[in-house]
Each structure stands twice: as structure tokens, then as C-alpha cells.
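Data block below; observations after.
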Amino acid sequence: MINKADLQVNAELYSFIEKEVLTGSGYESETFWQGFSDIIHSFMPENQKLLHKREVIQQKIDDWHKKHKWQEERNDYEAFLREIGYLEEQVEDFKITTQQVDPEIARQAGPQLVVPVNNARYALNAANARWGSLYDGLYGTDVISGDNGAEKGPSYNPVRGEKVIAYAKNFLDETVPLEGASHSDVIRYYIENDTLIAQVPNGKTSLQQQDAFKGHQGSADRPSAVLLQHHGLHIDIRIDASHPIGKTDRAGVKDVVVEAALTTIMDCEDSVTAVDAEDKVLVYRNWLGLMKGNLTEKFAKEGETVHRTLCHDRYYTGKNGDDLKLKGRSLMLIRNVGHLMTNSMLLDRDGNEVHEGIADAVITSLIAVHDLNGKRSNSTEGSIYIVKPKMHGSEEVAFSNRLFNAVEDLLGLERHTIKIGVMDEERRTTLNLKNCIHAVKDRIVFINTGFLDRTGDEIHTSMQAGPVIRKGEMKQSVWLNAYEKSNVDHGLLCGLPGKAQIGKGMWAMPDRMKDMMEQKTGHLKAGGNTAWVPSPTAATLHALHYHEYKVESIQTSLREEITNREQELLTLPLSDRQWSPEEIEQELENNAQGLLGYVVRWVEHGVGCSKVPDIHNVGLMEDRATLRISSQHMTNWLQHGICSEEQIMNVLKKMAKVVDEQNAQDPAYQPMSKDFEKSVAFQAACELIFQGESQPGGYTEPILHKRRLEYKEKMLAVKE
Ligand SMILES: CC(=O)SCCNC(=O)CCNC(=O)[C@H](O)C(C)(C)COP(=O)(O)OP(=O)(O)OC[C@H]1O[C@@H](n2cnc3c(N)ncnc32)[C@H](O)[C@@H]1OP(=O)(O)O
Ligand SMILES: O=CC(=O)O
Ligand SMILES: [Mg+2]
């Protein structure tokens, strides 16, 4: 550790900040460290107090449930929540006043991609997912069925290719239709007098909406790209008659590229494993590379070496021959960690680990200044976008607000340069969302329903109330539907449209794109102008939904439906059903499989987000929030005698063998079933369930971090 301004700083972190971040930033090292230390020492005590308050409140709620039957005393329950300050006194009506918000957030509606930022290969891919090939997105996924000879194979299947092209041309017909013809009839696109002309076998035609045409690349006569726009999103028809696909197309179209991930959340939180300075430096270094624009990654793929870099802006010839420049990258936000955890990378003057959320706020903002003072390739408006997860109620949001003020002062940034995306994912935040938004009304850029964490918190908060419904039933539950609607209500009431996003949650089945295409329109119809997707392909496909529906109009009509949903929000997801032994076993096995499949990769491989097959062999995106649900669910059933400890242990051992088999191809994988006692991952899984009741907020971080550190040490000892 290096002693600096009353802090002890891990040497690797210190060197990274000194040499890579401060150099060229315009900040003096001494001033920075002193200011950082001042922030730490003034904010840590309050952070601690807020965490303590969470514990006190939870204890009171637990005690209430132990003494009362919620089903019979609902009215008293609400009064009790008010009395203990869980339900806050609501502020007067107001509108948010956030300024300098980039258009991707303020005006455009479209997909939001999330990516673990410690994985440079994925993070680069995500930043570049602003534009996505529709042909690739369709060809590679189950959106196109493999029936009638259209299956995916080792080489290009022209039958499948035909289906892809038909789907894409149909999309063009629906979105940017031609007058009296289909895009599949076109034999040549060209531009004449700033108008797109489509030559068809029996003459020529043009777009029904002329102003959808925005520009082209190549010559007007034989363009290599035609740029269109619909519902604020661009569509780029790529033309090359010499290309293997273009050759087969009458108009030489080789692809339809759509504007896809308008925004990307570079995640430092639930999808990453970062337990010490070594891990955190990787997280920060990748963020720095993204902000400076020089992040690169070299990796082997399909026998070739790939060098991945960030995409450049796209240039077109616009109307009147003017140059038209469009961003080549997604607008990047950075998700900091919440208020809970501390990290050994920094110690305060008394030798205490510093709260990681405070360190993230300072360091990720400092890094983002490289964009603000540089080319502003990320935020042309000069803003820094921080997503703040897992805050409980408005006091905690106000704390973040003051922390961001302090960071702005330290970095000499204008007030409210740092924007905040508020994850509405804890029950106390949902119930007091108006106050939460008010606490950051000058800097808020989104409210997003993190329904996964929110489900975990729902179970944990009411742990003592009774057994909860099965995990799969949560999506239909009264509280969850009210929560989704209430979030939109508050977004509309507080004037988010035009300034900030009303966001919807993650599509957690990365391989089920057909289902996503059928179901994720629901997020738009419910008023979300963005929704989370797990991959660039999902972003490309989900983008089509924003052409189908104009969220702005939907939001306008939803204003009519705004209502007080508190009663529904306070409807606990309890069950009075007598489940059969088979149902109980199935529920436990399902939870255990996802839990173990995720935990083993987290603890022993340092992977924070995984695709884990569920009991039906569907690959599910698992992250810390889904782990919070499965562990808390098992804890809840154990707590209420739905199952016994012995039963859970047997299920865990049985499912550990299944997970071991699933990972058998990985030479670095150590089977849990070889020695359950010695497997750090297996022990972590047991702890998450058997000690789930006493985990703060039902969070999995404390156990995961402890066990990962233990595993790292074990590996180090083996090496030595
Ligand atoms: C509750 C919450 O907090 S949700 C938010 C947290 N969750 C996330 O961030 C999910 C992000 N997604 C992911 O991490 C991954 O998609 C996973 C773990 C779900 C699946 O990963 P994999 O099993 O490796 O996926 P798969 O093999 O199908 O695809 C890999 C390819 O897709 C790309 N890819 C997958 N996900 C992403 C992503 N989120 N961003 C960018 N690229 C991605 C990879 O770069 C890779 O392509 P490449 O070989 O050209 O580099
Ligand atoms: O962060 C997202 C969630 O669903 O939790
Ligand atoms: Mg979450």
C-alpha cells in the first residue's frame, strides 16, 4: 500500500491512476489525492449510517411479520411502514430539469445494451453495437426457423439466406415503404435531386415518406449505401453487387444495417467479478480505454486472430451534398456499484476499507473527463453518465447526489455534469420513487426497472411473512405488474420524456430471440423508451420493435392511466398452496442448478455473468441479481418449512453433478462433486442459502467476495 493524503492506496491502483489516468488529464496529483481523501472521509460515515438504517428497518419489518399475519392486517401493515419511515411523506409535484443530455437518451427510443466492462472483447463489441447487421442477426438466431431446408449449418445455406432477405425486405416495406412497390422488387436504388429513386421492373418509384431518405455513400448514381430514418432510428441499406450476398440480390443489396444499441451500460456491478485492486484496475482500465477511444483487444476466434478496436463515426452525403456524420458507437454509461460493499484497494485513515461506491464515483468520473476534455466521442453534450444501482429510498439517492456534487467540485466540473440513472430495483425505492427522482431532479437521466434485483428484494424484505410463490410465477404477480406500471407513471408525472429514459429490464434468455421478438414489444407498449438486452444481436433485433411502435405516442396515451398503485405494490407474493413433493423438488432443483452454475464460475473462474442452462436446457443469463432471487427463494422455503435443510443439501449435491457435467469440456474446471467439503464454490452456494436470511438485503456480494478472495488465495498458495 502507498500512503497518500491520509489514505492507504493499493500500489497497482496508485500506479494506474498516476500513470494512466492523471497523466494528460490536467489534474495535479497532490490536489487530486487530497480531494479524493476528503471525499472519502466526509462520505464514509454517512454511507455507514445509511447501511445501518437498512438493517434497523429490516429488523423492524421482520419483527412485525413474526407478530402479525399480513393477510389479515394489511391496513396496519401500511401504517406500520409509514411509522418506521419505510414509506416516506411524498414531495409536491415537480418536473425534472436535467440539461445537456445526449439525444440517444433524451430524444431517441431504442435498445440499451449491458456488458461486463472487465471483458474488453465484449465491451468493445458492445460499444460498436450502435449499428447491427440485420442479415447476421436473423441468420444466426431462431427468429428464422430451420424448417424446410433452412437450417443453420457449417457453411452458408442459401435457403436460410433467402428467408433472411425476405424478412429484412418485409421489414423495409413495413417501415420505409415504397410507393406502389416492394423493396424486394427493386433492381436499383439511386439518388436524383436529393430524392431516393427505386427502379423496379416496370418503371421507377420512391419512398412513401420522402423525408425518410437522409443520405447515401458512394455515387448518387450507384450508391454503396442508402441511409433512411424512421422513428428517429437510422437504417442503412448496404449495396455491393460483387459481394457474395449482394450478387444474389436484384438490387445488389448485401445487408440491411440498423441503428441498434443507442446506449450501452458498461457494467462495474452485477455482471462483473471485482473483489480486489487487481480486478478493479482491470475494470477501470477498460473504462479508460473506452473513454480515450484507444481500447483494443486481440483474441483468437475460429482459427484466426481478431484485433478488435472501437468503430469510427459513419459519414454520408446528406441533402444538398452536405456531409452527414453519424456516431459509430453506442453512447456509454457506466454502472457503478451500490452503497453496500467495501474494497481493500483503498483504506481510510483508520485502516478501514473504503466503500467501493464512493471510489467508483470518483475514479469512473475522473476517467470520463478524458472524453469531456478530449474529442467528446462519447458525450457530445459533455455529460458523464453514471448508473447507480441498489439504492434504498430517497435518502440514499440524495446521498449519491451530494457525492456527485463533491466529485464535480473535485474535478472542477460544472454542477450536474455527472448524470445519474436510477435503478428502481429495491422495494423502498419503488414505493418512494417520486421522492427518489426529486432527490436527483437536476441530473437524472433514467429510471429503470431492474426487476431481477427487485424480485430478490421483494422476497428478502418479507422473508418472515410466509412462503413465497414459485419463482416462475413472480412475473405474473400483482406487485410486479404494479411495479412496472408505477415506474412508468412516475416517469411521466415527473416529466422524464424528452429529458430522460423510462427503462425496462433485461431479456434474460440470450438464445431465445424468436421469443424476444414476440414478447419484448411489451416493454414499448408499457411505455418504456428503452429496454435492456444481453447482446449486440439482441440489440439489433430489438431495435425493430422501435420501428413498429412509436413510444412517444404510447407514453402520451399512458398518461390517462396514471393512478396510485400503492395497494398493489404492497401485495406480498405469498402462497397458501400445498405444493406436491414433485413440485417442491422441481422448484428447488431449478433454483439450485442456476445458482450452482453461476456461483462456480464466479468464485473459481472470476466470471460475473454467465449463460447457464436451466432445468429445461434453456441457456439463461445469470448474474448477481438472478442469484439473489434463487438463493433468497430457497432460503424462504427453508425458513417456512416447505423443505428441509437436508432436502436442500441433497438437491445441491445432485445439481452440482449436473453442473459438473455441463462444464466437463472446460479443462480449467474443477468438479464440485469431487469433494463437496473442499469445493469453495459449493461451500459458497450452501452459505448463500443457509445464511441467506442474515445477508444484508439478501445480497450475494458479501459471500461471493469472501469466497472469491479465499479461492484466489488458495490458487496463489498452490502456485507458490
Ligand atoms: C440483472 C442485471 O443486472 S442484467 C445486466 C447484467 N447482465 C449483462 O450485462 C449481460 C451481458 N451479457 C453477457 O455477459 C453475455 O451475453 C452472456 C454471459 C449472457 C452470454 O455470453 P456467451 O455465452 O459468451 O455468449 P455467446 O457465446 O452466445 O456470444 C458470444 C459473442 O457475443 C458477444 N457478446 C455477448 N454478449 C455481449 C454483450 N453484452 N456485449 C457485447 N458483446 C457481447 C461476444 O463478444 C461474443 O462475440 P465475439 O466472439 O465476436 O467476441
Ligand atoms: O439490474 C437489473 C436487475 O434486474 O436487477
Ligand atoms: Mg440489478
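Letters A, B, ... go to the chains of the C-alpha cells in the order shown; residues in each chain start at 1; ligands are counted from 1 in the same order.
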Q: Excluding Asn10 in chain A and any residue of its chain fewer than 4 positions from it, enumerate the residues within 7 Å of it, using only C-alpha atoms, and give them as a PyMOL selection string.
A: chain A and resi 1-2+14+277+345-346
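The binding environment of ligand 3, defined as every protein, DNA or RNA residue with an atom no more than 8 Å away and counting only C-alpha atoms and all ligand atoms, comprises A:Asp270, A:Pro389, A:Lys390, A:Met423, A:Glu425, A:Gly450, A:Phe451, A:Leu452, A:Asp453, A:Arg454, A:Arg624, A:Ala625.
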Please, which residues in chain A fall within 12 Å of ligand 2 when counting only C-alpha atoms and all ligand atoms, and what is the closest atom pair and distance in Å to one decimal for each, ordered by chain then residue number, as CSV?
```
residue,atom,partner,partner_atom_place_in_ligand_line,distance
A:Leu113,CA,ligand 2,2 (C),11.9
A:Val114,CA,ligand 2,1 (O),9.5
A:Val115,CA,ligand 2,1 (O),11.6
A:Ile265,CA,ligand 2,1 (O),10.6
A:Asp267,CA,ligand 2,1 (O),9.8
A:Cys268,CA,ligand 2,1 (O),11.5
A:Glu269,CA,ligand 2,1 (O),8.7
A:Asp270,CA,ligand 2,1 (O),7.1
A:Ser271,CA,ligand 2,1 (O),9.1
A:Arg335,CA,ligand 2,1 (O),9.5
A:Asn336,CA,ligand 2,1 (O),11.4
A:Val337,CA,ligand 2,1 (O),10.8
A:Gly338,CA,ligand 2,1 (O),11.0
A:Val387,CA,ligand 2,1 (O),9.9
A:Lys388,CA,ligand 2,1 (O),9.7
A:Pro389,CA,ligand 2,1 (O),7.0
A:Lys390,CA,ligand 2,5 (O),8.2
A:Met391,CA,ligand 2,1 (O),11.5
A:Gly421,CA,ligand 2,1 (O),11.4
A:Val422,CA,ligand 2,1 (O),10.3
A:Met423,CA,ligand 2,1 (O),6.9
A:Asp424,CA,ligand 2,5 (O),8.6
A:Glu425,CA,ligand 2,5 (O),6.0
A:Glu426,CA,ligand 2,5 (O),8.8
A:Arg427,CA,ligand 2,5 (O),11.8
A:Ile447,CA,ligand 2,1 (O),11.3
A:Asn448,CA,ligand 2,2 (C),8.1
A:Thr449,CA,ligand 2,4 (O),6.6
A:Gly450,CA,ligand 2,4 (O),3.1
A:Phe451,CA,ligand 2,4 (O),4.2
A:Leu452,CA,ligand 2,4 (O),3.5
A:Asp453,CA,ligand 2,5 (O),3.6
A:Arg454,CA,ligand 2,5 (O),6.1
A:Thr455,CA,ligand 2,5 (O),8.1
A:Gly456,CA,ligand 2,5 (O),8.4
A:Asp457,CA,ligand 2,5 (O),9.6
A:Glu458,CA,ligand 2,5 (O),11.8
A:Leu480,CA,ligand 2,4 (O),12.0
A:Glu484,CA,ligand 2,4 (O),11.7
A:Gly503,CA,ligand 2,2 (C),10.6
A:Lys504,CA,ligand 2,4 (O),8.9
A:Gly505,CA,ligand 2,4 (O),5.7
A:Met506,CA,ligand 2,4 (O),6.3
A:Trp507,CA,ligand 2,4 (O),9.5
A:Ala508,CA,ligand 2,4 (O),9.4
A:Ala531,CA,ligand 2,2 (C),10.8
A:Trp532,CA,ligand 2,2 (C),8.7
A:Val533,CA,ligand 2,2 (C),10.9
A:Pro534,CA,ligand 2,2 (C),11.2
A:Met621,CA,ligand 2,4 (O),11.1
A:Glu622,CA,ligand 2,4 (O),10.6
A:Asp623,CA,ligand 2,5 (O),8.7
A:Arg624,CA,ligand 2,5 (O),8.1
A:Ala625,CA,ligand 2,5 (O),5.0
A:Thr626,CA,ligand 2,5 (O),7.5
A:Leu627,CA,ligand 2,5 (O),10.2
A:Arg628,CA,ligand 2,5 (O),9.2
A:Ile629,CA,ligand 2,5 (O),9.7
A:Tyr699,CA,ligand 2,5 (O),11.2
```
Q.
Need the shell around Gly161 in chain A: protein/DNA/RNA residues with any atom at most 8 Å away, counting only C-alpha atoms. Skip same-chain ones fewer than 5 positions apart. Format as a list in words?
A. Tyr139, Ala150 and Tyr156 of chain A
Given the selection you just returned, output its residues as a file containing C-alpha atoms, formatted as an mmCIF file, in the first residue's frame.
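See result-v3.cif below for the written result:
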```
data_model
loop_
_atom_site.group_PDB
_atom_site.id
_atom_site.type_symbol
_atom_site.label_atom_id
_atom_site.label_comp_id
_atom_site.auth_asym_id
_atom_site.auth_seq_id
_atom_site.Cartn_x
_atom_site.Cartn_y
_atom_site.Cartn_z
ATOM 1 C CA TYR A 139 -29.363 -15.683 -39.942
ATOM 2 C CA ALA A 150 -33.383 -23.614 -43.888
ATOM 3 C CA TYR A 156 -23.758 -20.607 -45.812
#
```
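Proximity of A:Ala166, A:Val159, A:Ile420, A:Val600 to Tyr711 in chain A, computed with only C-alpha atoms, is greatest for A:Val600.
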Q | Within 7 Å of range 510-521 of chain A using only C-alpha atoms, minus same-chain residues under 5 positions, as a ChimeraX atom specification | A | /A:141-143,534,538,542,545,619-621
(Q) Would you pick out the contacts of range 280-284 of chain A at 12 Å or less, using only C-alpha atoms, so that residues sharing its chain but fewer than 6 positions from it are not included, and give the list as a PyMOL selection string? (A) chain A and resi 10-17+20-21+115-120+123+266-269+271-274+290-291+295+334-337+342-346+356-357+359-368
Would you output that residue set with C-alpha atoms, as a PDB file, in the first residue's frame?
```pdb
ATOM      1  CA  ASN A  10      -3.004  -0.293  -3.261  1.00  0.00           C
ATOM      2  CA  ALA A  11       0.188   0.121  -5.284  1.00  0.00           C
ATOM      3  CA  GLU A  12      -1.306  -1.217  -8.513  1.00  0.00           C
ATOM      4  CA  LEU A  13      -4.272   1.120  -8.265  1.00  0.00           C
ATOM      5  CA  TYR A  14      -1.997   4.008  -7.348  1.00  0.00           C
ATOM      6  CA  SER A  15       0.293   3.442 -10.283  1.00  0.00           C
ATOM      7  CA  PHE A  16      -2.686   3.075 -12.653  1.00  0.00           C
ATOM      8  CA  ILE A  17      -4.232   6.358 -11.504  1.00  0.00           C
ATOM      9  CA  GLU A  20      -2.593   6.214 -16.909  1.00  0.00           C
ATOM     10  CA  VAL A  21      -5.413   8.388 -15.629  1.00  0.00           C
ATOM     11  CA  VAL A 115     -21.962  -5.569 -20.804  1.00  0.00           C
ATOM     12  CA  PRO A 116     -19.428  -6.550 -18.162  1.00  0.00           C
ATOM     13  CA  VAL A 117     -16.793  -3.846 -18.602  1.00  0.00           C
ATOM     14  CA  ASN A 118     -13.947  -6.035 -17.365  1.00  0.00           C
ATOM     15  CA  ASN A 119     -14.267  -8.107 -20.528  1.00  0.00           C
ATOM     16  CA  ALA A 120     -12.584  -5.923 -23.159  1.00  0.00           C
ATOM     17  CA  ALA A 123     -17.081  -4.254 -24.050  1.00  0.00           C
ATOM     18  CA  MET A 266     -20.614  -0.577 -19.183  1.00  0.00           C
ATOM     19  CA  ASP A 267     -21.133  -2.552 -16.038  1.00  0.00           C
ATOM     20  CA  CYS A 268     -18.894  -2.459 -12.955  1.00  0.00           C
ATOM     21  CA  GLU A 269     -21.611  -4.119 -10.909  1.00  0.00           C
ATOM     22  CA  SER A 271     -22.164  -8.771 -14.219  1.00  0.00           C
ATOM     23  CA  VAL A 272     -18.544  -8.483 -13.104  1.00  0.00           C
ATOM     24  CA  THR A 273     -16.326 -10.171 -10.569  1.00  0.00           C
ATOM     25  CA  ALA A 274     -14.186  -7.489  -8.961  1.00  0.00           C
ATOM     26  CA  LEU A 290     -13.372   3.352 -23.888  1.00  0.00           C
ATOM     27  CA  MET A 291     -13.308   6.995 -22.808  1.00  0.00           C
ATOM     28  CA  LEU A 295      -9.142   0.289 -26.086  1.00  0.00           C
ATOM     29  CA  ILE A 334     -21.059   3.355 -16.528  1.00  0.00           C
ATOM     30  CA  ARG A 335     -22.830   1.372 -13.819  1.00  0.00           C
ATOM     31  CA  ASN A 336     -21.034   1.943 -10.515  1.00  0.00           C
ATOM     32  CA  VAL A 337     -21.525  -0.425  -7.608  1.00  0.00           C
ATOM     33  CA  THR A 342     -16.104  -2.004   0.586  1.00  0.00           C
ATOM     34  CA  ASN A 343     -12.889  -2.937  -1.177  1.00  0.00           C
ATOM     35  CA  SER A 344      -9.356  -3.444   0.085  1.00  0.00           C
ATOM     36  CA  MET A 345      -7.880  -1.373  -2.761  1.00  0.00           C
ATOM     37  CA  LEU A 346      -8.219   1.739  -0.564  1.00  0.00           C
ATOM     38  CA  GLU A 356     -16.481   0.879  -3.211  1.00  0.00           C
ATOM     39  CA  GLY A 357     -19.333   3.058  -4.448  1.00  0.00           C
ATOM     40  CA  ALA A 359     -14.315   5.078  -5.027  1.00  0.00           C
ATOM     41  CA  ASP A 360     -16.244   4.219  -8.208  1.00  0.00           C
ATOM     42  CA  ALA A 361     -17.914   7.631  -8.298  1.00  0.00           C
ATOM     43  CA  VAL A 362     -14.578   9.441  -8.102  1.00  0.00           C
ATOM     44  CA  ILE A 363     -12.497   7.188 -10.347  1.00  0.00           C
ATOM     45  CA  THR A 364     -15.020   6.497 -13.106  1.00  0.00           C
ATOM     46  CA  SER A 365     -15.821  10.231 -13.309  1.00  0.00           C
ATOM     47  CA  LEU A 366     -12.134  11.167 -13.375  1.00  0.00           C
ATOM     48  CA  ILE A 367     -11.675   8.708 -16.228  1.00  0.00           C
ATOM     49  CA  ALA A 368     -14.674  10.075 -18.137  1.00  0.00           C
TER      50      ALA A 368
END
```
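Distance annotation: of A:Pro613, A:Gln90, A:Leu638, A:Asn401, the residue with the minimal separation from Glu661 in chain A is A:Pro613; atom set is only C-alpha atoms.
Selecting strand (DSSP E or B) from the backbone DSSP output for range 102-160 of chain A yields Gln112, Leu113, Val114, Val115, Pro116, Trp131, Gly132 and Ser133 of chain A.
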Using the selection just defined, write its residues with C-alpha atoms as a PDB file, in the first residue's frame.
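Result went into out-v6.pdb, see below:
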```pdb
ATOM      1  CA  GLN A 112     -29.943  -0.422 -24.159  1.00  0.00           C
ATOM      2  CA  LEU A 113     -27.175  -3.000 -24.116  1.00  0.00           C
ATOM      3  CA  VAL A 114     -25.447  -4.080 -20.905  1.00  0.00           C
ATOM      4  CA  VAL A 115     -21.962  -5.569 -20.804  1.00  0.00           C
ATOM      5  CA  PRO A 116     -19.428  -6.550 -18.162  1.00  0.00           C
ATOM      6  CA  TRP A 131     -25.066  -0.445 -35.682  1.00  0.00           C
ATOM      7  CA  GLY A 132     -26.001  -4.056 -36.287  1.00  0.00           C
ATOM      8  CA  SER A 133     -26.332  -6.250 -39.325  1.00  0.00           C
TER       9      SER A 133
END
```
I want to know what sits within 12 Å of range 82-88 of chain A, based on only C-alpha atoms, with residues of the same chain fewer than 6 positions away left out; could you give that as an mmCIF file with N, CA and C atoms, in the first residue's frame?
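As a result, out_27.cif now contains:
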```
data_model
loop_
_atom_site.group_PDB
_atom_site.id
_atom_site.type_symbol
_atom_site.label_atom_id
_atom_site.label_comp_id
_atom_site.auth_asym_id
_atom_site.auth_seq_id
_atom_site.Cartn_x
_atom_site.Cartn_y
_atom_site.Cartn_z
ATOM 1 N N LYS A 53 -29.191 1.985 8.806
ATOM 2 C CA LYS A 53 -30.641 2.238 8.774
ATOM 3 C C LYS A 53 -31.374 1.105 8.036
ATOM 4 N N ARG A 54 -30.750 0.617 6.962
ATOM 5 C CA ARG A 54 -31.366 -0.516 6.249
ATOM 6 C C ARG A 54 -31.572 -1.690 7.204
ATOM 7 N N GLU A 55 -30.554 -1.954 8.005
ATOM 8 C CA GLU A 55 -30.616 -3.096 8.932
ATOM 9 C C GLU A 55 -31.704 -2.898 9.976
ATOM 10 N N VAL A 56 -31.765 -1.661 10.493
ATOM 11 C CA VAL A 56 -32.765 -1.364 11.527
ATOM 12 C C VAL A 56 -34.172 -1.556 10.959
ATOM 13 N N ILE A 57 -34.385 -1.012 9.782
ATOM 14 C CA ILE A 57 -35.713 -1.133 9.153
ATOM 15 C C ILE A 57 -36.053 -2.604 8.909
ATOM 16 N N GLN A 58 -35.089 -3.343 8.363
ATOM 17 C CA GLN A 58 -35.354 -4.758 8.061
ATOM 18 C C GLN A 58 -35.706 -5.523 9.333
ATOM 19 N N GLN A 59 -34.999 -5.221 10.394
ATOM 20 C CA GLN A 59 -35.268 -5.890 11.668
ATOM 21 C C GLN A 59 -36.703 -5.613 12.123
ATOM 22 N N LYS A 60 -37.123 -4.345 11.972
ATOM 23 C CA LYS A 60 -38.484 -3.977 12.396
ATOM 24 C C LYS A 60 -39.523 -4.713 11.545
ATOM 25 N N ILE A 61 -39.244 -4.803 10.254
ATOM 26 C CA ILE A 61 -40.191 -5.500 9.364
ATOM 27 C C ILE A 61 -40.249 -6.985 9.732
ATOM 28 N N TRP A 64 -42.256 -7.377 12.847
ATOM 29 C CA TRP A 64 -43.690 -7.180 12.613
ATOM 30 C C TRP A 64 -44.312 -8.462 12.055
ATOM 31 N N ASN A 75 -54.005 -3.268 6.530
ATOM 32 C CA ASN A 75 -54.061 -1.821 6.782
ATOM 33 C C ASN A 75 -53.046 -1.394 7.836
ATOM 34 N N ASP A 76 -52.937 -2.232 8.853
ATOM 35 C CA ASP A 76 -51.962 -1.935 9.906
ATOM 36 C C ASP A 76 -50.544 -1.982 9.343
ATOM 37 N N HIS A 392 -31.745 2.343 -1.588
ATOM 38 C CA HIS A 392 -32.985 2.128 -0.832
ATOM 39 C C HIS A 392 -33.558 3.485 -0.405
ATOM 40 N N GLY A 393 -34.574 3.934 -1.090
ATOM 41 C CA GLY A 393 -35.275 5.148 -0.671
ATOM 42 C C GLY A 393 -34.524 6.438 -1.000
ATOM 43 N N SER A 394 -35.221 7.559 -0.789
ATOM 44 C CA SER A 394 -34.715 8.843 -1.296
ATOM 45 C C SER A 394 -33.493 9.368 -0.542
ATOM 46 N N GLU A 395 -33.360 8.978 0.714
ATOM 47 C CA GLU A 395 -32.180 9.439 1.469
ATOM 48 C C GLU A 395 -30.900 8.929 0.812
ATOM 49 N N GLU A 426 -35.102 -1.675 -5.715
ATOM 50 C CA GLU A 426 -35.284 -2.051 -4.321
ATOM 51 C C GLU A 426 -36.670 -1.565 -3.928
ATOM 52 N N ARG A 427 -37.308 -2.307 -3.049
ATOM 53 C CA ARG A 427 -38.722 -2.033 -2.744
ATOM 54 C C ARG A 427 -38.899 -0.637 -2.155
ATOM 55 N N ARG A 428 -37.961 -0.216 -1.322
ATOM 56 C CA ARG A 428 -38.089 1.100 -0.674
ATOM 57 C C ARG A 428 -37.956 2.225 -1.707
ATOM 58 N N THR A 429 -37.250 1.945 -2.789
ATOM 59 C CA THR A 429 -37.143 2.942 -3.865
ATOM 60 C C THR A 429 -38.417 2.972 -4.695
ATOM 61 N N THR A 430 -38.928 1.801 -5.030
ATOM 62 C CA THR A 430 -40.180 1.743 -5.802
ATOM 63 C C THR A 430 -41.291 2.503 -5.082
ATOM 64 N N LEU A 431 -41.409 2.237 -3.774
ATOM 65 C CA LEU A 431 -42.523 2.822 -3.021
ATOM 66 C C LEU A 431 -42.363 4.326 -2.814
ATOM 67 N N ASN A 432 -41.136 4.804 -2.952
ATOM 68 C CA ASN A 432 -40.880 6.240 -2.747
ATOM 69 C C ASN A 432 -40.240 6.849 -3.995
ATOM 70 N N LEU A 433 -40.639 6.332 -5.149
ATOM 71 C CA LEU A 433 -39.923 6.707 -6.367
ATOM 72 C C LEU A 433 -39.992 8.207 -6.663
ATOM 73 N N LYS A 434 -41.134 8.800 -6.361
ATOM 74 C CA LYS A 434 -41.265 10.244 -6.632
ATOM 75 C C LYS A 434 -40.197 11.017 -5.843
ATOM 76 N N ASN A 435 -40.055 10.670 -4.582
ATOM 77 C CA ASN A 435 -39.047 11.353 -3.750
ATOM 78 C C ASN A 435 -37.631 11.056 -4.248
ATOM 79 N N CYS A 436 -37.445 9.824 -4.706
ATOM 80 C CA CYS A 436 -36.106 9.442 -5.208
ATOM 81 C C CYS A 436 -35.755 10.279 -6.435
ATOM 82 N N THR A 461 -37.261 -8.760 1.836
ATOM 83 C CA THR A 461 -37.925 -7.819 2.756
ATOM 84 C C THR A 461 -39.030 -8.522 3.535
ATOM 85 N N GLU A 566 -50.250 1.925 -4.778
ATOM 86 C CA GLU A 566 -49.588 1.513 -3.535
ATOM 87 C C GLU A 566 -50.137 0.198 -2.973
ATOM 88 N N LEU A 569 -48.726 -2.547 -4.933
ATOM 89 C CA LEU A 569 -47.282 -2.659 -4.678
ATOM 90 C C LEU A 569 -47.009 -3.345 -3.351
ATOM 91 N N LEU A 570 -47.967 -3.158 -2.425
ATOM 92 C CA LEU A 570 -47.777 -3.740 -1.101
ATOM 93 C C LEU A 570 -48.458 -5.104 -0.963
#
```
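For Glu604 in chain A, the set of protein, DNA and RNA residues having any atom at most 9 Å away, when counting only C-alpha atoms and skipping those fewer than 2 positions along the same chain, is Val599, Val600, Arg601, Trp602, Gly606, Val607, Tyr669, Gln670, Val680, Ala681, Arg707, Arg708, Tyr711 and Lys712 of chain A.
In this structure, CA of Ala106 in chain A sits 17.5 Å away from CA of Asn487 in chain A.
You can rank A:Ser462, A:Ser644, A:Ser486, A:Ser206 by their closest distance to Tyr77 in chain A using only C-alpha atoms, and at the top of that list sits A:Ser462.
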